[in-house]
Each structure stands twice: as C-alpha cells, then as structure tokens.
Amino acid sequence: MATAADTAIALEKTAAHHVEDTLGHGAIFEAKQATEDEHSQTLMQALRENRKAVMWSVLISMTIVMEGYDTILMGNFFAYPEFNKKYGQYYGDDIGWQVSAPWQTGLSMASTVGCIFGGILNGYCASKYGYRIVMVIALAFLTCFIFITVFANSAAVLLVGQIFCGFSWGVFATLGPAYASEVCPTNLRGYLTIYVNLCWAIGQLIASGVLYGLVDRSDQWSYRIPFALQWIWPVPLIAICWQAPESPWWLVRKDRLEDAKRSIRRLGGSKTEEQINGQLAMMVHTIKLEAEIEAGTTYSDCFKGVDLRRTEICCLTFVGQILSGSTFAYSPVYFFKQAGMATGRSFQLGVGCTGVAFVGTCLSWWLITGFGRRTLYVWGQGILCVILFLIGILNAASHTTGAMWAQAVLCFLWLFTYSLTVGPIAYAIVSEMSSVRLRPLTVCLARTAYQIINVVSQVLEPYFMNPTAWNASGKTGFFWGATALVAFLWAFFRLPEPKDRTYAELDILFATKVSARKFASTHVDAYGVAPSSSQEGLVREQTTHETKQ
C-alpha cells in the first residue's frame, strides 16, 4: 500500500520529467533554484525584485474600492432622512419616514444577488479569456449601469440598478485577490492579498465621509451624489487594466509559455534572464504537479478529490466573514440611530468606524509577519464571538445612555478586531488555498458562497433592527455571536496554515492529506523530499531526478 511519502515522490517525478521535456535539459534544477530563492528572500529583497508586480497588483486591486464604497452606501442610506422620504413611507410621528423592512431587505441584497451571478460568470470567463479582458469589460458595463442608480425614480428601479451593478462588483471581488496572488512571489502574497481588504476599507471610508458631508442636504442630491461619485473610477481603471500584464500562471495554464515569459519579464523589474527562466520552470512544474493530482478545469472539478477539501476551506473562510457578524457590526450607523443617537452623531461614528477598519487592516500587515494566517483567523473569530455576546448582554440589561455608548465602543472594538484578523486574512487564505489550475473557479465559488450567506444575513438583519419589524436592536448580538462561535469551531479543526508555502508545496500537502493542525510543522520539498512531520517522525526520502535530453 502506497504511503503519503510514496505518493508525493511519484507525483514529483512525473512533474519533473514534464518540465524537462517541455523546457529542456536542466529546467527542473532552474525551477528548484527559483523556489529556493523565493524562500530565502527577505521582504525588502522581494519588494525590490518584484516592484513592478507589486505596482500592477496594487493598481488592479483598486477596483475593490468601488465594491467597498457600495457595500457601506446602501446600508447607511436607511438612516438618511432624504433617502427615506424618497423611497420609504411615513409611519407617524414616533417613527417618522422609514424604508420598510421588506424594501430594506430587497435593496440591501440587490447588489449581492448581482454579485452572485457576476462571480459565477466570471469564473468561467476568467479561466477562458484571462483576467485583463474580463476586468475591462466589467468596468465598461459598470459605467453604464451607474446611470440607473443615479437617476432611479422609485425603489424598484433602484433595486434593478443595484442588481446590474452587482454583476461587475462580483467580477472585481474575485479577480482582484486572484490576480494579486499570481503575480507576486510567496513572501509578498499575503501582503498584497490583504491589500485587497484595505481597498474595501478605503472605499468604505470614502463612502462614510461622503454620506456624512451630505446628510444635512435637504434635496434629492443628498443621496444621488454618492451614487454619481462612482463614475470617478471606471475610466482610469479601464486604461490601467488594458496596459497591465496578464497573469503568467494563467498563460502557463493555457500553454502560452512565450507569452508567460514576457509577462514575467514585465512583472520582474530587474530580474535576470536566468531568474525569469527559473520562474517559468517553477510554474510549469506546479501546473503539471496539479494535473497529476487531479485533472480537469471546470466548476465540477472543484468538488472532486483533493480539490473538494480546498474548495471547502476557501468557501467557509469567506462565509466566516458573514458568520462573524459583519452584517450587524460592520455598518453600525443604522444601529446607532435605532439605539437613540442623533442622525449627525450616528454618521460621525460611522466615519470613525471605517477609519478604525482602515487602520486595523494596515496593522494586519505587521501581524502576518509574525503570526500565521490560521492563528489570526481562528482567534480573531473567537474574540469577535465574545464581543457580540457582550453587545447583546448590554442591550438586554440596560437602555441607558451609558449602555448605548458602551455598545458603540464594543462596535468599534469589533471592527478593529475584524480588520486585524478575519476581514483581511480571509483574502490571503482564499487566494493561497485554491489550486493554481482552478483558482479563478474556486475563488468565484468561495465568493458566491459568501454572497449567498450574505443574502440570508441581509434578509434577516433589517427585520432584527427595523422598529417596524422585530426591533431587536443590540440583542441581535446574541444571534451573530452564536454564528461566530460556529465559524470559530470550524476554523480550529479544519483551517490549515499556508504561510511561506509555495503553490507546489501546498499541492503536495493536500495530496498527501496532511491534517489542518499539522500543516505548519510538516516538512515538504516539492523537488525531491517527501513530506515528513516532526510530530510523527516520518523518514525524509531524497530522490534524484533522471533527466532526459
């Protein structure tokens, strides 16, 4: 019976021979050297040698700013006087103008529904046509769809506009982290995929500032201007995406090796020809290794063999962002207003919350240097769970001004913890855990799972918070605290640690079915050393490559 070590050696031998046959004699040693170079690089060395790749990744990820902007926009409009007068109805002097709970639900989930369909379509299109062209088309469509939201004369028209805009946002949310993870080396992956979450925070910070600045305006442009400002982004981003190099990993998957080499050269800055050849060989080796483990590049292949486990991890990592209580605590302006705060003060606190999210995400770059993805995600979920239960307890125990401010402080603490851990780390995990050959499809499935659970949360949340419905206010923290506890337990037992692993090393760890809690301690060399765990004391086996000319 074949052991895990035998399986790893057999896979590696086949991949090594394929690299030699494809790129010539000695290519496998160039691939091995490229891998060793990535592991030995310091952060500053990696930044110097890959400065162009970092630049392109940062620019492409800026599309996420638009999704972050919209995410906070609609939820906060429900606390906006002029928006409620236009799209809501009057409920008497005690409640005033309110968008009803059913319409709050519909408007909240409209863009999410669009994101689901946009994400699924994007997985197919990005796999077939590449990242650049899909991003350009999505931006062009968004430019047109924004017209509907800006000039919507009824809640129904606004809902349709949000759905159409969601198609494009679904593309941005999945292509941004996938592109970032494929254009940069191992020790920069985490920083640049976390930057995707920073773009979310930037978008939300901009939206909060715009909303606060216009809340006292007493005409229709108080809510139309925030929609119209979305036109600032698409045109310059179209130009950037058109000029950006295609992902070399995607080009290798399509057997366009010369194009992949040119892309590596554009991304590499001052890299030598030898380094470029080594990177190309490493990519060919990884793609072949994955093909030996599991063939196929369709959505159904994401649920077969070892890829089923990888799909589970990616989907539930993103779903964990919703289960952590983000629908309740991430956009707290409406919560603050229903708790009794004045509208202006509620929006001031909303701006402060998004500022906290921005700072927290920046600090998470420092944390991932010393802590792994798993550690931050697992214990982040645990802390968020405790905070949510505390909010619920405070709201149930007292309705005084002091209790209200204590809940506001806990919302800030929740946001800071989320922005340090679960929020940004999820992007790094999803981008790294998916196999290279199925990455666009797996990331899209993960984001779709996130959006489906987001739809459920957006259906429930207005009923929890709306004074015309369940009016649970801060006691909603009990419900989301329970879901955060479920996410914590799953992550503790099922989430592996991908820190400092190349894609080939991750492929072997998954192929040999290493348990989640032993990923960090298991040694693997994708070019000749079979996995061995320090805890289990497995014997390391060295193989020699027989190359054919």
# chains A, B, ... in the order shown; residues from 1 in each chain; ligands from 1

$ residues_around --residues "stretch 180-190 of chain A" --least-positions-apart "5" --cutoff "7 Å" --atoms "only C-alpha atoms" --output "list in words"
Glu38, Leu43, Asn50, Ala53, Val54, Ser57, Ser247, Trp249, Ala428, Ser431, Glu432, Asp500, Arg501 and Thr502 of chain A

$ residues_around --residues "A:Pro226" --least-positions-apart "3" --cutoff "9 Å" --atoms "only C-alpha atoms" --output "list in words"
Leu73, Val150, Ala207, Val210, Leu211, Leu214, Trp221, Ser222, Tyr223, Leu229 and Gln230 of chain A

$ write_last_selection --atoms "C-alpha atoms" --output "tab-separated table (two decimals), in the first residue's frame"
chain	number	residue	atom	x	y	z
A	73	LEU	CA	-23.56	53.04	0.91
A	150	VAL	CA	-28.19	57.75	-10.00
A	207	ALA	CA	-18.41	56.47	1.36
A	210	VAL	CA	-19.37	61.48	1.53
A	211	LEU	CA	-22.50	60.42	3.42
A	214	LEU	CA	-24.27	65.32	2.56
A	221	TRP	CA	-28.90	65.17	-4.49
A	222	SER	CA	-28.09	64.25	-0.90
A	223	TYR	CA	-28.38	60.60	-2.00
A	229	LEU	CA	-19.33	59.63	-7.49
A	230	GLN	CA	-18.89	56.01	-8.58

$ closest_residue --among "A:Gln381, A:Arg132, A:Gln89, A:Pro245" --to "A:Asp259" --atoms "only C-alpha atoms"
A:Pro245

$ closest_atom_pairs --of "stretch 90-159 of chain A" --to "stretch 296-315 of chain A" --cutoff "9 Å" --atoms "only C-alpha atoms" --output "Markdown table"
| residue | atom | partner | partner_atom | distance |
| --- | --- | --- | --- | --- |
| A:Gly123 | CA | A:Tyr299 | CA | 8.3 |
| A:Tyr124 | CA | A:Thr298 | CA | 8.0 |
| A:Ser127 | CA | A:Thr297 | CA | 8.3 |

$ select_by_dssp --residues "stretch 217-388 of chain A" --states "helix (DSSP H, G or I)" --output "NGL selection string"
:A and (221-232 or 234-243 or 248-253 or 257-268 or 273-293 or 299-303 or 305-323 or 326-329 or 333-338 or 343-370 or 373-388)

$ write_last_selection --atoms "C-alpha atoms" --output "CSV table (one decimal), in the first residue's frame"
chain,number,residue,atom,x,y,z
A,221,TRP,CA,-28.9,65.2,-4.5
A,222,SER,CA,-28.1,64.2,-0.9
A,223,TYR,CA,-28.4,60.6,-2.0
A,224,ARG,CA,-27.9,60.9,-5.8
A,225,ILE,CA,-24.4,62.5,-5.5
A,226,PRO,CA,-23.0,59.5,-3.6
A,227,PHE,CA,-24.2,57.2,-6.4
A,228,ALA,CA,-22.8,59.5,-9.1
A,229,LEU,CA,-19.3,59.6,-7.5
A,230,GLN,CA,-18.9,56.0,-8.6
A,231,TRP,CA,-18.2,57.3,-12.1
A,232,ILE,CA,-14.8,58.6,-10.9
A,234,PRO,CA,-14.1,53.1,-14.2
A,235,VAL,CA,-12.4,55.0,-17.0
A,236,PRO,CA,-8.9,55.3,-15.4
A,237,LEU,CA,-9.2,51.7,-14.2
A,238,ILE,CA,-10.0,50.5,-17.8
A,239,ALA,CA,-6.8,52.2,-19.0
A,240,ILE,CA,-4.8,50.5,-16.2
A,241,CYS,CA,-6.3,47.0,-16.8
A,242,TRP,CA,-5.7,47.3,-20.6
A,243,GLN,CA,-2.0,48.0,-20.0
A,248,PRO,CA,1.8,34.4,-16.0
A,249,TRP,CA,0.2,31.5,-14.2
A,250,TRP,CA,-2.9,31.8,-16.4
A,251,LEU,CA,-0.7,31.9,-19.5
A,252,VAL,CA,1.1,28.7,-18.4
A,253,ARG,CA,-2.2,27.0,-17.8
A,257,LEU,CA,4.9,29.8,-22.5
A,258,GLU,CA,6.5,32.5,-24.5
A,259,ASP,CA,3.7,34.9,-23.5
A,260,ALA,CA,4.1,33.8,-19.9
A,261,LYS,CA,7.9,34.6,-20.1
A,262,ARG,CA,7.2,38.1,-21.5
A,263,SER,CA,4.7,38.6,-18.6
A,264,ILE,CA,7.2,37.5,-16.0
A,265,ARG,CA,9.8,39.9,-17.6
A,266,ARG,CA,7.3,42.8,-17.3
A,267,LEU,CA,6.5,42.0,-13.8
A,268,GLY,CA,10.0,41.2,-12.7
A,273,GLU,CA,17.1,36.0,-17.8
A,274,GLU,CA,18.2,33.1,-15.6
A,275,GLN,CA,15.7,34.1,-12.9
A,276,ILE,CA,12.9,34.5,-15.4
A,277,ASN,CA,13.6,31.1,-16.9
A,278,GLY,CA,13.6,29.6,-13.3
A,279,GLN,CA,10.2,31.2,-12.5
A,280,LEU,CA,8.7,29.9,-15.7
A,281,ALA,CA,10.1,26.4,-15.0
A,282,MET,CA,8.6,26.5,-11.4
A,283,MET,CA,5.2,27.4,-12.8
A,284,VAL,CA,5.3,24.6,-15.4
A,285,HIS,CA,6.3,22.2,-12.7
A,286,THR,CA,3.4,23.3,-10.4
A,287,ILE,CA,0.8,23.1,-13.1
A,288,LYS,CA,1.9,19.6,-14.1
A,289,LEU,CA,2.0,18.5,-10.4
A,290,GLU,CA,-1.6,19.6,-10.1
A,291,ALA,CA,-2.6,17.9,-13.3
A,292,GLU,CA,-1.2,14.6,-11.9
A,293,ILE,CA,-3.1,15.0,-8.7
A,299,TYR,CA,-16.6,24.0,-11.8
A,300,SER,CA,-17.4,20.4,-11.1
A,301,ASP,CA,-13.7,19.6,-10.7
A,302,CYS,CA,-13.6,21.9,-7.7
A,303,PHE,CA,-15.7,19.3,-5.9
A,305,GLY,CA,-10.7,14.5,-5.0
A,306,VAL,CA,-8.3,16.7,-3.0
A,307,ASP,CA,-9.9,19.9,-4.6
A,308,LEU,CA,-13.1,19.3,-2.6
A,309,ARG,CA,-11.2,20.0,0.6
A,310,ARG,CA,-9.6,23.1,-0.9
A,311,THR,CA,-13.0,24.4,-2.1
A,312,GLU,CA,-14.5,23.8,1.4
A,313,ILE,CA,-11.7,25.8,3.0
A,314,CYS,CA,-12.0,28.7,0.6
A,315,CYS,CA,-15.8,28.8,0.8
A,316,LEU,CA,-16.1,28.6,4.5
A,317,THR,CA,-13.3,31.0,5.1
A,318,PHE,CA,-15.2,33.7,3.2
A,319,VAL,CA,-18.5,32.6,4.8
A,320,GLY,CA,-16.9,33.1,8.1
A,321,GLN,CA,-16.7,36.8,7.5
A,322,ILE,CA,-20.5,36.9,7.5
A,323,LEU,CA,-20.9,34.5,10.4
A,326,SER,CA,-20.2,41.7,9.7
A,327,THR,CA,-23.8,42.5,8.6
A,328,PHE,CA,-24.6,43.7,12.1
A,329,ALA,CA,-21.4,45.4,13.2
A,333,VAL,CA,-24.9,53.8,11.6
A,334,TYR,CA,-28.4,52.4,11.3
A,335,PHE,CA,-27.9,50.5,14.6
A,336,PHE,CA,-26.7,53.7,16.3
A,337,LYS,CA,-29.6,55.6,15.1
A,338,GLN,CA,-32.2,53.0,16.2
A,343,THR,CA,-28.5,61.2,12.9
A,344,GLY,CA,-25.5,63.5,12.7
A,345,ARG,CA,-23.7,61.8,15.6
A,346,SER,CA,-24.5,58.4,14.1
A,347,PHE,CA,-22.8,59.3,10.9
A,348,GLN,CA,-19.8,60.7,12.7
A,349,LEU,CA,-19.4,57.4,14.5
A,350,GLY,CA,-19.8,55.7,11.1
A,351,VAL,CA,-16.9,57.6,9.7
A,352,GLY,CA,-14.9,56.7,12.8
A,353,CYS,CA,-15.7,53.0,12.4
A,354,THR,CA,-14.5,53.0,8.8
A,355,GLY,CA,-11.3,54.8,9.9
A,356,VAL,CA,-10.8,52.1,12.5
A,357,ALA,CA,-11.2,49.4,9.8
A,358,PHE,CA,-8.6,51.2,7.6
A,359,VAL,CA,-6.0,51.3,10.5
A,360,GLY,CA,-6.7,47.7,11.5
A,361,THR,CA,-6.1,46.4,8.1
A,362,CYS,CA,-2.8,48.3,7.8
A,363,LEU,CA,-1.7,46.8,11.2
A,364,SER,CA,-2.7,43.3,9.9
A,365,TRP,CA,0.3,43.5,7.5
A,366,TRP,CA,2.5,43.6,10.6
A,367,LEU,CA,0.7,40.8,12.3
A,368,ILE,CA,1.0,38.3,9.4
A,369,THR,CA,4.8,38.7,9.6
A,370,GLY,CA,4.9,37.1,13.0
A,373,ARG,CA,-3.0,33.0,8.7
A,374,ARG,CA,-4.6,30.2,10.7
A,375,THR,CA,-3.7,31.8,14.1
A,376,LEU,CA,-5.1,35.2,13.2
A,377,TYR,CA,-8.3,33.8,11.7
A,378,VAL,CA,-9.1,31.3,14.4
A,379,TRP,CA,-8.5,33.6,17.4
A,380,GLY,CA,-10.0,36.6,15.6
A,381,GLN,CA,-13.3,34.6,15.3
A,382,GLY,CA,-13.1,33.7,19.0
A,383,ILE,CA,-12.7,37.4,20.1
A,384,LEU,CA,-15.5,38.6,17.7
A,385,CYS,CA,-17.8,36.0,19.2
A,386,VAL,CA,-17.2,37.3,22.7
A,387,ILE,CA,-17.7,40.9,21.7
A,388,LEU,CA,-21.0,40.2,20.0

$ atom_distance --atom1 "atom CA of A:Phe519" --atom2 "atom CA of A:Ile425"
17.0 Å

$ closest_residue --among "A:Lys32, A:Phe147, A:Thr174, A:Leu438" --to "A:Lys128" --atoms "only C-alpha atoms"
A:Leu438

$ closest_residue --among "A:Ala126, A:Met135, A:Ile72, A:Leu509" --to "A:Gly209" --atoms "only C-alpha atoms"
A:Ile72

$ residues_around --residues "A:Gly166" --least-positions-apart "2" --cutoff "10 Å" --atoms "only C-alpha atoms" --output "list in words"
Glu67, Asp70, Met109, Ala110, Ser111, Thr112, Val113, Gly114, Cys115, Ile116, Phe117, Gly118, Gly119, Leu142, Phe145, Val160, Gly161, Gln162, Ile163, Phe164, Ser168, Trp169, Gly170, Val171 and Phe172 of chain A

$ atom_distance --atom1 "atom CA of A:Met62" --atom2 "atom CA of A:Trp200"
8.8 Å

$ decode --residues "stretch 419-458 of chain A" --atoms "N, CA and C atoms" --output "PDB file, in the first residue's frame"
ATOM      1  N   SER A 419     -10.854  43.858  11.468  1.00  0.00           N
ATOM      2  CA  SER A 419      -9.942  44.425  10.469  1.00  0.00           C
ATOM      3  C   SER A 419      -8.498  43.976  10.687  1.00  0.00           C
ATOM      4  N   LEU A 420      -8.190  43.523  11.889  1.00  0.00           N
ATOM      5  CA  LEU A 420      -6.866  42.960  12.161  1.00  0.00           C
ATOM      6  C   LEU A 420      -6.776  41.498  11.744  1.00  0.00           C
ATOM      7  N   THR A 421      -7.902  40.791  11.753  1.00  0.00           N
ATOM      8  CA  THR A 421      -7.863  39.332  11.632  1.00  0.00           C
ATOM      9  C   THR A 421      -8.745  38.798  10.505  1.00  0.00           C
ATOM     10  N   VAL A 422      -9.974  38.499  10.807  1.00  0.00           N
ATOM     11  CA  VAL A 422     -10.850  37.761   9.885  1.00  0.00           C
ATOM     12  C   VAL A 422     -11.041  38.479   8.555  1.00  0.00           C
ATOM     13  N   GLY A 423     -11.253  39.806   8.586  1.00  0.00           N
ATOM     14  CA  GLY A 423     -11.511  40.549   7.353  1.00  0.00           C
ATOM     15  C   GLY A 423     -10.408  40.418   6.326  1.00  0.00           C
ATOM     16  N   PRO A 424      -9.189  40.884   6.626  1.00  0.00           N
ATOM     17  CA  PRO A 424      -8.119  40.814   5.622  1.00  0.00           C
ATOM     18  C   PRO A 424      -7.526  39.420   5.434  1.00  0.00           C
ATOM     19  N   ILE A 425      -7.417  38.631   6.510  1.00  0.00           N
ATOM     20  CA  ILE A 425      -6.758  37.331   6.416  1.00  0.00           C
ATOM     21  C   ILE A 425      -7.535  36.386   5.520  1.00  0.00           C
ATOM     22  N   ALA A 426      -8.858  36.538   5.460  1.00  0.00           N
ATOM     23  CA  ALA A 426      -9.667  35.668   4.603  1.00  0.00           C
ATOM     24  C   ALA A 426      -9.228  35.770   3.146  1.00  0.00           C
ATOM     25  N   TYR A 427      -8.876  36.976   2.686  1.00  0.00           N
ATOM     26  CA  TYR A 427      -8.456  37.146   1.298  1.00  0.00           C
ATOM     27  C   TYR A 427      -7.145  36.402   1.028  1.00  0.00           C
ATOM     28  N   ALA A 428      -6.224  36.455   1.982  1.00  0.00           N
ATOM     29  CA  ALA A 428      -4.959  35.742   1.817  1.00  0.00           C
ATOM     30  C   ALA A 428      -5.193  34.236   1.777  1.00  0.00           C
ATOM     31  N   ILE A 429      -6.033  33.730   2.674  1.00  0.00           N
ATOM     32  CA  ILE A 429      -6.291  32.292   2.746  1.00  0.00           C
ATOM     33  C   ILE A 429      -6.944  31.786   1.470  1.00  0.00           C
ATOM     34  N   VAL A 430      -7.988  32.469   1.014  1.00  0.00           N
ATOM     35  CA  VAL A 430      -8.716  32.014  -0.175  1.00  0.00           C
ATOM     36  C   VAL A 430      -7.812  32.039  -1.407  1.00  0.00           C
ATOM     37  N   SER A 431      -6.992  33.059  -1.550  1.00  0.00           N
ATOM     38  CA  SER A 431      -6.111  33.168  -2.716  1.00  0.00           C
ATOM     39  C   SER A 431      -5.021  32.112  -2.709  1.00  0.00           C
ATOM     40  N   GLU A 432      -4.572  31.703  -1.525  1.00  0.00           N
ATOM     41  CA  GLU A 432      -3.466  30.752  -1.431  1.00  0.00           C
ATOM     42  C   GLU A 432      -3.926  29.301  -1.411  1.00  0.00           C
ATOM     43  N   MET A 433      -5.084  29.023  -0.834  1.00  0.00           N
ATOM     44  CA  MET A 433      -5.532  27.645  -0.677  1.00  0.00           C
ATOM     45  C   MET A 433      -6.052  27.028  -1.961  1.00  0.00           C
ATOM     46  N   SER A 434      -6.550  27.826  -2.867  1.00  0.00           N
ATOM     47  CA  SER A 434      -7.068  27.286  -4.129  1.00  0.00           C
ATOM     48  C   SER A 434      -5.918  26.789  -4.992  1.00  0.00           C
ATOM     49  N   SER A 435      -6.148  25.701  -5.730  1.00  0.00           N
ATOM     50  CA  SER A 435      -5.115  25.200  -6.639  1.00  0.00           C
ATOM     51  C   SER A 435      -4.958  26.166  -7.808  1.00  0.00           C
ATOM     52  N   VAL A 436      -3.771  26.198  -8.394  1.00  0.00           N
ATOM     53  CA  VAL A 436      -3.482  27.171  -9.448  1.00  0.00           C
ATOM     54  C   VAL A 436      -4.398  26.963 -10.647  1.00  0.00           C
ATOM     55  N   ARG A 437      -4.579  25.709 -11.050  1.00  0.00           N
ATOM     56  CA  ARG A 437      -5.332  25.457 -12.274  1.00  0.00           C
ATOM     57  C   ARG A 437      -6.824  25.761 -12.112  1.00  0.00           C
ATOM     58  N   LEU A 438      -7.310  25.750 -10.855  1.00  0.00           N
ATOM     59  CA  LEU A 438      -8.732  26.014 -10.602  1.00  0.00           C
ATOM     60  C   LEU A 438      -8.962  27.338  -9.872  1.00  0.00           C
ATOM     61  N   ARG A 439      -7.911  28.167  -9.789  1.00  0.00           N
ATOM     62  CA  ARG A 439      -8.019  29.359  -8.935  1.00  0.00           C
ATOM     63  C   ARG A 439      -9.193  30.276  -9.311  1.00  0.00           C
ATOM     64  N   PRO A 440      -9.352  30.697 -10.567  1.00  0.00           N
ATOM     65  CA  PRO A 440     -10.485  31.594 -10.857  1.00  0.00           C
ATOM     66  C   PRO A 440     -11.822  30.980 -10.473  1.00  0.00           C
ATOM     67  N   LEU A 441     -11.970  29.669 -10.713  1.00  0.00           N
ATOM     68  CA  LEU A 441     -13.227  28.997 -10.407  1.00  0.00           C
ATOM     69  C   LEU A 441     -13.434  28.858  -8.902  1.00  0.00           C
ATOM     70  N   THR A 442     -12.376  28.468  -8.178  1.00  0.00           N
ATOM     71  CA  THR A 442     -12.505  28.271  -6.731  1.00  0.00           C
ATOM     72  C   THR A 442     -12.769  29.590  -6.016  1.00  0.00           C
ATOM     73  N   VAL A 443     -12.046  30.648  -6.398  1.00  0.00           N
ATOM     74  CA  VAL A 443     -12.265  31.957  -5.769  1.00  0.00           C
ATOM     75  C   VAL A 443     -13.686  32.439  -6.048  1.00  0.00           C
ATOM     76  N   CYS A 444     -14.179  32.189  -7.260  1.00  0.00           N
ATOM     77  CA  CYS A 444     -15.549  32.596  -7.589  1.00  0.00           C
ATOM     78  C   CYS A 444     -16.573  31.788  -6.786  1.00  0.00           C
ATOM     79  N   LEU A 445     -16.327  30.492  -6.619  1.00  0.00           N
ATOM     80  CA  LEU A 445     -17.226  29.674  -5.793  1.00  0.00           C
ATOM     81  C   LEU A 445     -17.222  30.164  -4.348  1.00  0.00           C
ATOM     82  N   ALA A 446     -16.007  30.481  -3.841  1.00  0.00           N
ATOM     83  CA  ALA A 446     -15.894  30.961  -2.463  1.00  0.00           C
ATOM     84  C   ALA A 446     -16.652  32.271  -2.289  1.00  0.00           C
ATOM     85  N   ARG A 447     -16.484  33.175  -3.241  1.00  0.00           N
ATOM     86  CA  ARG A 447     -17.176  34.462  -3.156  1.00  0.00           C
ATOM     87  C   ARG A 447     -18.682  34.283  -3.322  1.00  0.00           C
ATOM     88  N   THR A 448     -19.090  33.325  -4.152  1.00  0.00           N
ATOM     89  CA  THR A 448     -20.513  33.049  -4.329  1.00  0.00           C
ATOM     90  C   THR A 448     -21.113  32.502  -3.039  1.00  0.00           C
ATOM     91  N   ALA A 449     -20.381  31.600  -2.370  1.00  0.00           N
ATOM     92  CA  ALA A 449     -20.841  31.088  -1.070  1.00  0.00           C
ATOM     93  C   ALA A 449     -20.998  32.237  -0.081  1.00  0.00           C
ATOM     94  N   TYR A 450     -20.018  33.144  -0.092  1.00  0.00           N
ATOM     95  CA  TYR A 450     -20.088  34.334   0.761  1.00  0.00           C
ATOM     96  C   TYR A 450     -21.339  35.151   0.452  1.00  0.00           C
ATOM     97  N   GLN A 451     -21.603  35.370  -0.826  1.00  0.00           N
ATOM     98  CA  GLN A 451     -22.738  36.212  -1.204  1.00  0.00           C
ATOM     99  C   GLN A 451     -24.070  35.542  -0.890  1.00  0.00           C
ATOM    100  N   ILE A 452     -24.138  34.221  -1.026  1.00  0.00           N
ATOM    101  CA  ILE A 452     -25.390  33.519  -0.703  1.00  0.00           C
ATOM    102  C   ILE A 452     -25.705  33.668   0.786  1.00  0.00           C
ATOM    103  N   ILE A 453     -24.700  33.454   1.639  1.00  0.00           N
ATOM    104  CA  ILE A 453     -24.910  33.634   3.069  1.00  0.00           C
ATOM    105  C   ILE A 453     -25.170  35.110   3.381  1.00  0.00           C
ATOM    106  N   ASN A 454     -24.554  35.991   2.595  1.00  0.00           N
ATOM    107  CA  ASN A 454     -24.782  37.422   2.765  1.00  0.00           C
ATOM    108  C   ASN A 454     -26.231  37.786   2.458  1.00  0.00           C
ATOM    109  N   VAL A 455     -26.810  37.132   1.449  1.00  0.00           N
ATOM    110  CA  VAL A 455     -28.222  37.365   1.130  1.00  0.00           C
ATOM    111  C   VAL A 455     -29.091  36.990   2.334  1.00  0.00           C
ATOM    112  N   VAL A 456     -28.808  35.827   2.915  1.00  0.00           N
ATOM    113  CA  VAL A 456     -29.574  35.385   4.087  1.00  0.00           C
ATOM    114  C   VAL A 456     -29.435  36.396   5.222  1.00  0.00           C
ATOM    115  N   SER A 457     -28.207  36.857   5.460  1.00  0.00           N
ATOM    116  CA  SER A 457     -27.975  37.807   6.553  1.00  0.00           C
ATOM    117  C   SER A 457     -28.670  39.141   6.279  1.00  0.00           C
ATOM    118  N   GLN A 458     -28.687  39.546   5.010  1.00  0.00           N
ATOM    119  CA  GLN A 458     -29.325  40.817   4.664  1.00  0.00           C
ATOM    120  C   GLN A 458     -30.847  40.720   4.675  1.00  0.00           C
TER     121      GLN A 458
END
